[in-house]
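Colleague: Structure in structure tokens, see below.
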Amino acid sequence: MAQKVGLLFLLSIFMFLSMHSFLCGCHPHPAGSRSSMAAVRAVSNHTAKKDVAAEVSGYADVAKQIIDLAVFGAAQNRSYRRLADFTDTIGNRVSGSENLDMAIKYMYNAMRQDGLDVHLEPVKIPHWVRGKESAEMIVPRAKNLAILGLGSSIGTPPEGIEAEVLVVQSFGELKSRASEAIGRIVVFNQPFVSYGETVAYRAYGASEAAKVGAVATLIRSVTPFSINSPHTGWQDYQDEVKRIPTACITVEDAELMWRMAQRGQRIVVRLTMGAKTLPDADSFNTVVEITGWQHPEQVVLLSGHLDSWDVGQGAMDDGGGALISWEALSLIRDLGLRPRRTLRTVLWTAEEQGGVGAQQYYNLHKVNMSNIDLVMESDMGTFTPLALQFSGSDAARKVMEEVVKLLAPINTTKLETHGEGTDISPWMQAGIPGASLHVADSRYFWFHHSEGDTMTVQDPHDMDLCSALWAVVAYVVADLQDMLPR
């Protein structure tokens with residue numbers, strides 16, 4: 001009714017302007033035209049905003065049903081139990097491994113048994129194998145060093161590499177001391193500033209050290225907290241630069257060698273790594289859907305990645321994100337809901353190697369770009385949810401601001417910027433709106449890519465809250481009359 005009144009009001013303004021022009025026998029004065037049309041646009045925008053707000057607020061009861069089911073009802077703790085069963089059964093699941101194959105089969109069968117429509121889409125993924133590895137400080141005293149080789153690293157010769165150590169705290173210091181690096185193992189003891197900034201040492205440290213003649217690198221783990229735990233991750237060799245072995249060491253050992261170096265002590269380390277890269281392996285992205293009743297070709301995509309590193313259980317990174325993306329569809333199905341558009345959950349493969357599975361999915365499906373409404377990714381843990389992060393047009397943001405108001409029962413009504421994620425980035429770069437989950441992630445990098453990433457990190461209530469948020473946002477956006485404005 002309000003919409004009709006608004007349209008009639010706009011029509012009356014238009015007729016008034018037209019009659020004014022006719023009686024004058026001329027076009028209205030340009031300045032008057034601009035101000036009049038500005039008024040029309042202002043009224044139109046106000047009416048559209050009211051219409052969106054009214055439409056979205058109409059989902060308050062449905063949103064509450066989803067939240068109640070996830071947090072207090074029959075589905076309470078379900079995503080946590082599913083994650084525990086999955087990670088306890090399969091363990092970690094690095095790209096190319098038999099464990100990852102088992103994980104994909106496990107999830108395919110589990111989601112089918114849940115009554116959902118599941119299929120697999122084949123992709124090729126990297127296959128790097130860690131092999132046996134060890135490091136030992138020989139001089140000035142004997143000490144075993146806890147290490148984790150970095151993804152894509154080459155191995156050492158079978159007898160290992162024994163060399164004197166050069167300890168630096170930045171790329172700038174390495175450059176200024178380049179002559180000292182020849183024939184040495186370079187240890188990077190860079191301070192943790194933020195993951196986004198500090199991870200450059202893990203990613204590029206080997207090639208930067210190789211440029212100045214180093215024979216290997218040991219890099220301080222990218223974490224703000226340590227209990228003598230090394231953290232692994234992917235690293236990138238630069239083209240035309242000699243490849244040298246590279247691994248992460250603990251914060252404690254990096255600082256130990258830094259203090260020794262500051263005292264002028266000579267340090268010698270023996271490093272042995274059996275790492276190797278095998279031919280690309282066959283794998284799958286796992287896709288599960290609830291088909292839309294009115295616009296089945298239009299899609300709201302939820303996602304998390306199924307692979308992990310080869311340490312811990314991969315419960316936090318990113319088992320939790322994958323499981324809440326499944327749970328969201330389960331909640332919607334349990335309530336007998338079916339949105340206008342298709343809800344599609346994708347559990348990506350080989351995210352840790354740079355979003356490999358997601359990029360191939362994009363290449364295959366980008367022909368349907370115009371039908372992708374929103375892409376969502378959870379890959380920063382499933383701790384207590386704080387907000388939804390969103391990137392899109394101003395008009396789309398206005399819609400999403402209304403959508404998150406529906407989350408008042410779980411106190412997550414804040415809409416933030418930066419909805420980016422590794423696996424959804426190809427879509428977002430092409431202009432598709434994107435969203436990610438902002439959680440209380442201050443401890444995330446304590447456990448990230450380490451043996452500490454286990455079910456002990458997870459909390460069932462937090463996962464219920466994350467599942468509820470994920471389901472409400474996905475369902476409402478998929479059921480609105482219109483797609484999000486680009």
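Chain labels follow the order of the structure tokens: the first chain is A, the next B, and so on; residue numbering restarts at 1 in every chain, and ligands are counted from 1 in their shown order.
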Neighbours of Tyr106 of chain A within 12 Å (only C-alpha atoms; same-chain residues fewer than 2 positions away dropped), as JSON, numbers by chain?

Modeller: {"A": [82, 83, 85, 86, 87, 88, 89, 90, 91, 99, 100, 101, 102, 103, 104, 108, 109, 110, 111, 112, 113, 286, 306]}

Colleague: Keeping only C-alpha atoms, write the selected residues as a PDB file, in the first residue's frame.

Modeller:
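Listed below is the output, part-v6.pdb:
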ATOM      1  CA  ARG A  82      29.429 -32.556  12.945  1.00  0.00           C
ATOM      2  CA  LEU A  83      32.803 -30.812  12.927  1.00  0.00           C
ATOM      3  CA  ASP A  85      32.990 -36.186  13.966  1.00  0.00           C
ATOM      4  CA  PHE A  86      34.553 -34.995  10.723  1.00  0.00           C
ATOM      5  CA  THR A  87      37.922 -33.846  12.052  1.00  0.00           C
ATOM      6  CA  ASP A  88      38.291 -36.700  14.546  1.00  0.00           C
ATOM      7  CA  THR A  89      37.607 -39.195  11.752  1.00  0.00           C
ATOM      8  CA  ILE A  90      39.679 -37.628   8.957  1.00  0.00           C
ATOM      9  CA  GLY A  91      42.280 -35.438  10.676  1.00  0.00           C
ATOM     10  CA  ASN A  99      43.213 -37.510   3.685  1.00  0.00           C
ATOM     11  CA  LEU A 100      41.750 -34.750   1.528  1.00  0.00           C
ATOM     12  CA  ASP A 101      40.222 -37.360  -0.791  1.00  0.00           C
ATOM     13  CA  MET A 102      38.700 -39.063   2.253  1.00  0.00           C
ATOM     14  CA  ALA A 103      37.417 -35.718   3.555  1.00  0.00           C
ATOM     15  CA  ILE A 104      35.611 -34.944   0.299  1.00  0.00           C
ATOM     16  CA  TYR A 108      29.631 -35.786   0.146  1.00  0.00           C
ATOM     17  CA  ASN A 109      28.070 -38.773   1.914  1.00  0.00           C
ATOM     18  CA  ALA A 110      27.220 -36.868   5.104  1.00  0.00           C
ATOM     19  CA  MET A 111      25.396 -34.085   3.274  1.00  0.00           C
ATOM     20  CA  ARG A 112      23.502 -36.563   1.107  1.00  0.00           C
ATOM     21  CA  GLN A 113      22.424 -38.396   4.234  1.00  0.00           C
ATOM     22  CA  THR A 286      31.960 -30.087  -3.072  1.00  0.00           C
ATOM     23  CA  LEU A 306      37.634 -28.249   3.121  1.00  0.00           C
TER      24      LEU A 306
END

Colleague: To test your reading of the structure, identify every residue in segment 214-339 of chain A that backbone DSSP assigns to alpha helix (DSSP H), and report it as a short mmCIF file (atom, residue, chain, number, x, y, z; two decimals) with N, CA and C atoms, in the first residue's frame.

Modeller:
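selection.cif, freshly written:
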data_model
loop_
_atom_site.label_atom_id
_atom_site.label_comp_id
_atom_site.auth_asym_id
_atom_site.auth_seq_id
_atom_site.Cartn_x
_atom_site.Cartn_y
_atom_site.Cartn_z
N VAL A 251 58.84 -18.73 17.45
CA VAL A 251 59.18 -17.39 17.91
C VAL A 251 60.34 -17.47 18.91
N GLU A 252 60.26 -18.44 19.80
CA GLU A 252 61.27 -18.56 20.84
C GLU A 252 62.66 -18.81 20.26
N ASP A 253 62.76 -19.70 19.27
CA ASP A 253 64.07 -20.02 18.71
C ASP A 253 64.60 -18.89 17.83
N ALA A 254 63.71 -18.19 17.15
CA ALA A 254 64.15 -17.03 16.36
C ALA A 254 64.73 -15.95 17.27
N GLU A 255 64.06 -15.71 18.39
CA GLU A 255 64.55 -14.69 19.33
C GLU A 255 65.83 -15.14 20.02
N LEU A 256 65.93 -16.43 20.31
CA LEU A 256 67.16 -16.97 20.91
C LEU A 256 68.36 -16.70 20.01
N MET A 257 68.22 -17.05 18.73
CA MET A 257 69.34 -16.85 17.81
C MET A 257 69.62 -15.38 17.58
N TRP A 258 68.59 -14.54 17.64
CA TRP A 258 68.80 -13.10 17.53
C TRP A 258 69.63 -12.59 18.70
N ARG A 259 69.30 -13.03 19.91
CA ARG A 259 70.07 -12.57 21.06
C ARG A 259 71.51 -13.05 20.98
N MET A 260 71.71 -14.30 20.56
CA MET A 260 73.07 -14.81 20.40
C MET A 260 73.86 -13.99 19.38
N ALA A 261 73.19 -13.68 18.28
CA ALA A 261 73.87 -12.90 17.23
C ALA A 261 74.22 -11.51 17.73
N GLN A 262 73.35 -10.91 18.54
CA GLN A 262 73.61 -9.59 19.08
C GLN A 262 74.82 -9.60 20.02
N GLY A 320 35.53 -25.22 10.61
CA GLY A 320 34.39 -24.49 11.13
C GLY A 320 33.65 -23.73 10.05
N GLY A 321 34.38 -23.05 9.17
CA GLY A 321 33.74 -22.31 8.09
C GLY A 321 32.99 -23.21 7.14
N ALA A 322 33.57 -24.37 6.83
CA ALA A 322 32.90 -25.33 5.96
C ALA A 322 31.63 -25.86 6.62
N LEU A 323 31.72 -26.17 7.92
CA LEU A 323 30.59 -26.78 8.60
C LEU A 323 29.42 -25.82 8.79
N ILE A 324 29.69 -24.54 9.09
CA ILE A 324 28.56 -23.61 9.23
C ILE A 324 27.91 -23.33 7.87
N SER A 325 28.67 -23.48 6.79
CA SER A 325 28.10 -23.29 5.46
C SER A 325 27.20 -24.46 5.08
N TRP A 326 27.50 -25.65 5.59
CA TRP A 326 26.58 -26.79 5.46
C TRP A 326 25.40 -26.59 6.42
N GLU A 327 25.69 -26.24 7.66
CA GLU A 327 24.66 -26.10 8.68
C GLU A 327 23.60 -25.07 8.28
N ALA A 328 24.01 -24.00 7.62
CA ALA A 328 23.05 -22.97 7.20
C ALA A 328 21.96 -23.57 6.32
N LEU A 329 22.36 -24.43 5.38
CA LEU A 329 21.37 -25.08 4.51
C LEU A 329 20.52 -26.08 5.28
N SER A 330 21.13 -26.77 6.24
CA SER A 330 20.36 -27.71 7.06
C SER A 330 19.27 -26.98 7.85
N LEU A 331 19.61 -25.84 8.43
CA LEU A 331 18.64 -25.07 9.22
C LEU A 331 17.47 -24.62 8.35
N ILE A 332 17.78 -24.13 7.17
CA ILE A 332 16.74 -23.64 6.26
C ILE A 332 15.86 -24.80 5.79
N ARG A 333 16.49 -25.92 5.49
CA ARG A 333 15.73 -27.12 5.09
C ARG A 333 14.86 -27.63 6.25
N ASP A 334 15.39 -27.65 7.46
CA ASP A 334 14.65 -28.15 8.62
C ASP A 334 13.37 -27.35 8.87
#

Colleague: Give me the segment 232-324 of chain A side of the contact with segment 116-124 of chain A, cut-off 7 Å, one line per residue showing its nearest atom pair and distance in Å at one decimal, counting only C-alpha atoms, sorted by chain and residue number, as a Markdown table.

Modeller:
| residue | atom | partner | partner_atom | distance |
| --- | --- | --- | --- | --- |
| A:Asp280 | CA | A:Lys124 | CA | 6.0 |
| A:Ala281 | CA | A:Lys124 | CA | 5.6 |
| A:Asp282 | CA | A:Lys124 | CA | 4.9 |
| A:Ser283 | CA | A:Val123 | CA | 5.3 |
| A:Phe284 | CA | A:Pro122 | CA | 4.4 |
| A:Asn285 | CA | A:Glu121 | CA | 5.2 |
| A:Thr286 | CA | A:Leu120 | CA | 4.9 |
| A:Val287 | CA | A:His119 | CA | 5.4 |
| A:Val288 | CA | A:Val118 | CA | 4.3 |
| A:Glu289 | CA | A:Asp117 | CA | 5.5 |
| A:Ile290 | CA | A:Asp117 | CA | 7.0 |

Colleague: Excluding same-chain residues fewer than 6 positions from Asp236 of chain A, what lies within 9 Å of it counting only C-alpha atoms, as a list in words?

Modeller: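 After dropping sequence-adjacent residues, the list is Gly151, Ser152, Ser153, Arg202, Ala203, Tyr204, Gly205, Ala206 and Ser207 of chain A.
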
Colleague: Atom CA of Leu415 of chain A and atom CA of Leu302 of chain A, how far apart in Å?

Modeller: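 Result for atom CA of Leu302 of chain A versus atom CA of Leu415 of chain A: 17.5 Å, one decimal.
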
Colleague: Do you know which residues are at most 10 Å from Gly196 of chain A counting only C-alpha atoms, after dropping those on the same chain fewer than 4 positions away, and could you put them as a list of chain:residue names?

Modeller: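 Contacts, in chain order: A:Phe192, A:Ala200, A:Val222.
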
Colleague: Please indicate the distance in Å from atom CA of Lys414 of chain A to atom CA of Met455 of chain A, rounded to one decimal place.

Modeller: 28.1 Å

Colleague: Might you pull out every residue within 7 Å of Ser303 of chain A, with only C-alpha atoms counted and same-chain residues fewer than 2 positions away left off, and present them as a PyMOL selection string?

Modeller: chain A and resi 301+305+322+325+345-347+376-378

Colleague: Hey, which bits of segment 279-324 of chain A sit within 6 Å of segment 356-375 of chain A, and for each residue what's the closest pair of atoms and how far apart in Å (one decimal), counting only C-alpha atoms, rows by chain and increasing number, as CSV?

Modeller:
residue,atom,partner,partner_atom,distance
A:Gln298,CA,A:Asn371,CA,4.5
A:Val299,CA,A:Ile372,CA,5.0
A:Val300,CA,A:Leu374,CA,4.9
A:Leu301,CA,A:Val375,CA,4.8
